[in-house]
Each structure stands twice: as structure tokens, then as C-alpha cells.
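For reference, the structure is listed below as C-alpha cells.
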Amino acid sequence: GTSPRVADAHRARARPPTRARSMRAMSTSLTRDARASLAPQSTSSSTTRRPPPPLHRGRRATPRAPRAKPERYYGENEQIIDRSPAMYDKLTDVFDKREEKDWIGLLAFSGKWRELRDGLFERVKTRAQQCEDPDDEMRLSKLRRKLMALDERVDGYHALLEEVRAKEVDMWEGFVATRRAEFSPEFFTYLTFKLEAVAQGEDDNAKESMAKDAALLLSLCEAYDEASKDQAVIEEATQTLQDILQCDSLDAMDAKIDELAMANQISPALILTASKAHMSVKESPYTSEEVKDVMAHLYFKMKDTTSRQQPKEVRILKYILSLEDPQDQRNALEEAFTPGPELEEIGSNTDLLWC
């Protein structure tokens, strides 16, 4: 059998630890943990752990607002326009580094200038006020003043072009004669850049229409300048028009115009004077409709009469240019240069070349 001493040892191992022994074990464990906490920590980021943030009872964690995405620069998307101060500063530098004569081209080419100009002017004003250097302040203030003046003139050119294009082509000559001073060299500079801007688009009809209108405006202004060189000729044309208006009836006026045409006395100055008078009465709200009709009849009668006296080659080319469809123009041009019999009706009043 087992000795009593060995049996007592086995029973001692099997008994649960007393309270004193449990307290000693806990004290030993706490001491070991305290020593470990006081030991120097490694600087490696892989072993370093940050303590969790303290929890505040009764308060909810506030979610962070999403960071706003920076607005893209103009040009990446036509619907997005960057109006940040940095963009306005870049735009200011563009004008500052260019010669002043090139500014009108930048305004004519830009499709977003009208939406950007107010912000640009305000930004340049702010920069000038914040400048510590008086020279920089004067330079920015001068640039802003000149750019605002040019912008006002370009607005006028845009409105003038839209106004004349809204009228019937037959009224353009009188419009130019009445407002010739507004068609300045700078206007035609603007028109040239506008024509180039339209030419870069994909609308062929807009390109062709703008090109025709620009050419017609230029030719009308040149014709006006040529006809108005001699003031004595203008005064004579004015007197001739007054003599026509003194006739008793419309038939008598037509007979007077035919008489002048037979004597080759319907000059460009006379047509110019008639067109100016026609435009003046047509635009006036105080003129009766009867007077407007008479002036319109006289003006178009003079133009038709002089067109009949032009060489047939000129009249054919004018007819071809009056066609709107490019295919019709090509067909008419090919027909005009194809040899063939010339049709004439001797003894008849029918003019086969009249258009």
C-alpha cells in the first residue's frame, strides 16, 4: 500500500489553492505586467500601437464631410467654367503678356468671355488694391480700364452685326449709308476674327453665311466711301433726287428715272442717296406708309435700271451669287461657261438676263 506520507502529498496537490496563495499569484502577475510597461518601447512602427481614443458617453461621433472636388479648368468640359481666383489670375496674365492690338481677337474667339468678364474685372481690381508696389497697382488698374473699354466696344460691334444681319439684304445699302461711321476699321478687325472663329466650327451653313455677309458689308462700305469722296457729286445727286420727288405721279417719277438712265446719269452717288433716304423714312415711326412705299419704289427702280445697263457677264455672276444652294451655284456656273447660242427676243421688252 501507499505510505501515509505519500498519500498526504497527493491530497495536498489536489486541494484548491487557499485565498492567500491566490493573492500571491495575482500580485506576482501584476508586478510582471508593471515591469513590462516600464520597459523601453521599440521605435518600430510595426510594434507601436496607439491607445484608442476615449469614448464620450452621451455624444455621437460626427461623420466627416466629404472633401469637395476641385472644379475643372475651362476647356475640359464646356458646361464647367472655372471661376477660381487662380484661373482669373492666369487669364489676366494672358492679356498682360499680349499686345493690346491682339486683345480684340481673344474676345472675338472666346465663347465664354461674356460669362467670365465680370469676375475677371473684379479680380483684377482686388489684385490692384492689394498690391504693395505702386507700379504693379498702376499696371493692373490700367489693364483693367483698357480691357473694360475694349469690351464695351466689342459689345457694340456684336450688336451692330446682329442688327444688320437681321435686316433684309436689300436694306443693307441704306443701313450702311446711314450708319457708316459705326463700321470702323476696328469693327472689321472684329469681324475678321469672328469669321475665323465661325470657320473653325462644324456648321457649314454658318460658315458660308458669315463669309457672304462679311464680304457684302465690306463691299458696301467701300462703295459708300468711293461715292462720297467728292462732296459736289453728293450734292448733285441730292438735287437730282429732289427733282424726281417733285414729279406729280409715280409714273412720272419712273419716266424721269428712265430718262436719266438713257443719259447714263444714274450714278452710284444717286443710288447711295436714294438708299439713305429710303432707310431713313423706313426706320422713322413718324413717316406715313405712302411715303415709305414711294421711296422704296424709287430706290429699287434705280437699282433695277442700273443693273440692266451692266455688262451681261457681270449680271450673270451676280445672279449666280444670289443663289443660296451651293449645288445650284455650281450648276449655274457650269451652264454659264458652257458655249451655246445666246437667246434674244428682238423687238420684245423681255430681258432674259435680268435678275
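Ordering of the C-alpha cells sets the chain letters (A, B, ...), residue numbers begin anew at 1 in every chain, and ligands are numbered from 1 in the order given.
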Inset, instruction - Skip Thr189 (chain A) itself and residues of its chain fewer than 6 positions away, then list as a ChimeraX atom specification all residues within 10 Å of it, counting only C-alpha atoms. - result: /A:101,104-105,108,195
Legend entry - Expected answer as JSON, numbers by chain: alpha helix (DSSP H) residues in region 285-352 of chain A: {"A": [289, 290, 291, 292, 293, 294, 295, 296, 297, 298, 299, 300, 301, 302, 303, 304, 305, 306, 307, 308, 312, 313, 314, 315, 316, 317, 318, 319, 320, 321, 322, 326, 327, 328, 329, 330, 331, 332, 333, 334, 335, 336]}
Could you write out the selected residues, including N, CA and C atoms, as a CSV table (one decimal), in the first residue's frame?
```csv
chain,number,residue,atom,x,y,z
A,289,GLU,N,-47.1,105.5,-94.4
A,289,GLU,CA,-46.8,104.3,-95.2
A,289,GLU,C,-46.7,104.6,-96.7
A,290,GLU,N,-47.5,105.6,-97.1
A,290,GLU,CA,-47.4,106.0,-98.5
A,290,GLU,C,-46.1,106.6,-98.9
A,291,VAL,N,-45.5,107.4,-98.1
A,291,VAL,CA,-44.2,108.0,-98.3
A,291,VAL,C,-43.1,106.8,-98.3
A,292,LYS,N,-43.2,105.9,-97.4
A,292,LYS,CA,-42.3,104.8,-97.3
A,292,LYS,C,-42.4,103.9,-98.6
A,293,ASP,N,-43.6,103.7,-99.1
A,293,ASP,CA,-43.7,102.9,-100.3
A,293,ASP,C,-43.2,103.6,-101.5
A,294,VAL,N,-43.3,104.9,-101.6
A,294,VAL,CA,-42.8,105.7,-102.7
A,294,VAL,C,-41.3,105.7,-102.7
A,295,MET,N,-40.7,105.9,-101.6
A,295,MET,CA,-39.2,105.9,-101.5
A,295,MET,C,-38.6,104.5,-101.8
A,296,ALA,N,-39.3,103.4,-101.4
A,296,ALA,CA,-38.9,102.1,-101.7
A,296,ALA,C,-39.0,101.8,-103.2
A,297,HIS,N,-40.1,102.3,-103.8
A,297,HIS,CA,-40.2,102.1,-105.2
A,297,HIS,C,-39.1,102.8,-106.0
A,298,LEU,N,-38.8,104.0,-105.7
A,298,LEU,CA,-37.8,104.8,-106.4
A,298,LEU,C,-36.4,104.1,-106.2
A,299,TYR,N,-36.1,103.7,-105.0
A,299,TYR,CA,-34.8,103.1,-104.8
A,299,TYR,C,-34.6,101.8,-105.6
A,300,PHE,N,-35.6,100.9,-105.5
A,300,PHE,CA,-35.5,99.7,-106.2
A,300,PHE,C,-35.6,99.9,-107.8
A,301,LYS,N,-36.3,100.9,-108.2
A,301,LYS,CA,-36.4,101.2,-109.6
A,301,LYS,C,-35.0,101.6,-110.1
A,302,MET,N,-34.3,102.5,-109.4
A,302,MET,CA,-33.0,102.9,-109.8
A,302,MET,C,-32.0,101.7,-109.8
A,303,LYS,N,-32.1,100.8,-108.8
A,303,LYS,CA,-31.2,99.7,-108.8
A,303,LYS,C,-31.4,98.7,-110.0
A,304,ASP,N,-32.7,98.5,-110.3
A,304,ASP,CA,-33.1,97.6,-111.4
A,304,ASP,C,-32.6,98.2,-112.7
A,305,THR,N,-32.8,99.5,-112.8
A,305,THR,CA,-32.4,100.2,-114.1
A,305,THR,C,-30.9,100.1,-114.3
A,306,THR,N,-30.2,100.4,-113.3
A,306,THR,CA,-28.7,100.3,-113.4
A,306,THR,C,-28.2,98.9,-113.6
A,307,SER,N,-28.9,97.9,-113.0
A,307,SER,CA,-28.4,96.5,-113.2
A,307,SER,C,-28.6,96.1,-114.7
A,308,ARG,N,-29.7,96.6,-115.3
A,308,ARG,CA,-29.9,96.2,-116.7
A,308,ARG,C,-28.8,96.8,-117.6
A,312,LYS,N,-23.3,91.9,-119.6
A,312,LYS,CA,-24.0,90.6,-119.3
A,312,LYS,C,-23.2,89.7,-118.4
A,313,GLU,N,-21.9,89.7,-118.5
A,313,GLU,CA,-21.0,88.9,-117.7
A,313,GLU,C,-21.2,89.2,-116.2
A,314,VAL,N,-21.3,90.5,-115.9
A,314,VAL,CA,-21.4,90.9,-114.5
A,314,VAL,C,-22.8,90.5,-114.0
A,315,ARG,N,-23.8,90.6,-114.9
A,315,ARG,CA,-25.2,90.3,-114.4
A,315,ARG,C,-25.3,88.8,-114.2
A,316,ILE,N,-24.6,88.0,-115.0
A,316,ILE,CA,-24.7,86.5,-114.8
A,316,ILE,C,-24.0,86.2,-113.5
A,317,LEU,N,-22.9,86.8,-113.2
A,317,LEU,CA,-22.2,86.4,-112.0
A,317,LEU,C,-23.0,86.9,-110.8
A,318,LYS,N,-23.6,88.0,-110.9
A,318,LYS,CA,-24.5,88.5,-109.7
A,318,LYS,C,-25.6,87.5,-109.5
A,319,TYR,N,-26.2,87.0,-110.6
A,319,TYR,CA,-27.3,86.1,-110.5
A,319,TYR,C,-26.8,84.8,-109.8
A,320,ILE,N,-25.6,84.3,-110.2
A,320,ILE,CA,-25.1,83.1,-109.6
A,320,ILE,C,-24.8,83.3,-108.1
A,321,LEU,N,-24.3,84.5,-107.7
A,321,LEU,CA,-24.0,84.7,-106.3
A,321,LEU,C,-25.3,84.9,-105.5
A,322,SER,N,-26.4,85.2,-106.2
A,322,SER,CA,-27.6,85.4,-105.4
A,322,SER,C,-28.3,84.1,-105.1
A,326,PRO,N,-25.5,75.8,-102.7
A,326,PRO,CA,-24.2,75.6,-103.4
A,326,PRO,C,-24.3,74.8,-104.7
A,327,GLN,N,-25.2,73.8,-104.6
A,327,GLN,CA,-25.3,72.9,-105.8
A,327,GLN,C,-25.9,73.7,-107.0
A,328,ASP,N,-26.9,74.6,-106.7
A,328,ASP,CA,-27.5,75.4,-107.7
A,328,ASP,C,-26.4,76.4,-108.3
A,329,GLN,N,-25.6,76.9,-107.4
A,329,GLN,CA,-24.5,77.8,-107.8
A,329,GLN,C,-23.5,77.1,-108.8
A,330,ARG,N,-23.1,75.9,-108.5
A,330,ARG,CA,-22.2,75.1,-109.3
A,330,ARG,C,-22.9,74.8,-110.7
A,331,ASN,N,-24.1,74.4,-110.6
A,331,ASN,CA,-24.8,74.1,-111.9
A,331,ASN,C,-24.9,75.4,-112.8
A,332,ALA,N,-25.3,76.5,-112.2
A,332,ALA,CA,-25.4,77.8,-112.9
A,332,ALA,C,-24.1,78.2,-113.5
A,333,LEU,N,-23.0,78.1,-112.7
A,333,LEU,CA,-21.7,78.5,-113.1
A,333,LEU,C,-21.2,77.6,-114.3
A,334,GLU,N,-21.5,76.3,-114.2
A,334,GLU,CA,-21.1,75.4,-115.3
A,334,GLU,C,-21.9,75.7,-116.6
A,335,GLU,N,-23.2,76.1,-116.4
A,335,GLU,CA,-24.0,76.4,-117.5
A,335,GLU,C,-23.6,77.7,-118.2
A,336,ALA,N,-23.1,78.7,-117.3
A,336,ALA,CA,-22.7,80.0,-117.8
A,336,ALA,C,-21.5,79.9,-118.7
```
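Using only C-alpha atoms, the nearest neighbour of Lys276 (chain A) within the list A:Thr126, A:Thr238, A:Ser184, A:Ser110 is A:Thr238.
For the pair CA of Ala277 (chain A) and CA of Val164 (chain A), the interatomic distance is 17.1 Å.
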Inset, instruction - Compile the contact shell of Leu120 (chain A) as a ChimeraX atom specification: residues with an atom at most 8 Å away, counting only C-alpha atoms, same-chain residues fewer than 6 positions apart removed. - result: /A:88,91-92
Legend entry - Contacts of Val94 (chain A) at 12 Å (only C-alpha atoms; same-chain gap of 3+ positions) as a PyMOL selection string: chain A and resi 87-91+97-100+102-103+106-107+120+143
For the selection just defined, write its residues with C-alpha atoms to a file, as an mmCIF file, in the first residue's frame.
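out-v9.cif, written as the output of this step:
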```
data_model
loop_
_atom_site.group_PDB
_atom_site.id
_atom_site.type_symbol
_atom_site.label_atom_id
_atom_site.label_comp_id
_atom_site.auth_asym_id
_atom_site.auth_seq_id
_atom_site.Cartn_x
_atom_site.Cartn_y
_atom_site.Cartn_z
ATOM 1 C CA MET A 87 -7.933 80.946 -63.115
ATOM 2 C CA TYR A 88 -8.670 84.673 -63.261
ATOM 3 C CA ASP A 89 -5.018 85.372 -62.490
ATOM 4 C CA LYS A 90 -3.970 83.118 -65.386
ATOM 5 C CA LEU A 91 -6.410 84.888 -67.690
ATOM 6 C CA LYS A 97 1.637 89.363 -71.879
ATOM 7 C CA ARG A 98 -0.114 90.039 -75.204
ATOM 8 C CA GLU A 99 -0.006 93.265 -77.155
ATOM 9 C CA GLU A 100 -3.093 95.410 -76.859
ATOM 10 C CA ASP A 102 -4.318 91.272 -80.037
ATOM 11 C CA TRP A 103 -6.931 91.596 -77.297
ATOM 12 C CA LEU A 106 -9.095 86.963 -77.850
ATOM 13 C CA LEU A 107 -12.511 88.453 -77.112
ATOM 14 C CA LEU A 120 -12.134 88.943 -64.237
ATOM 15 C CA LEU A 143 -5.025 96.931 -67.889
#
```
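One finds CA of Lys212 (chain A) at 29.1 Å from CA of Asp230 (chain A).
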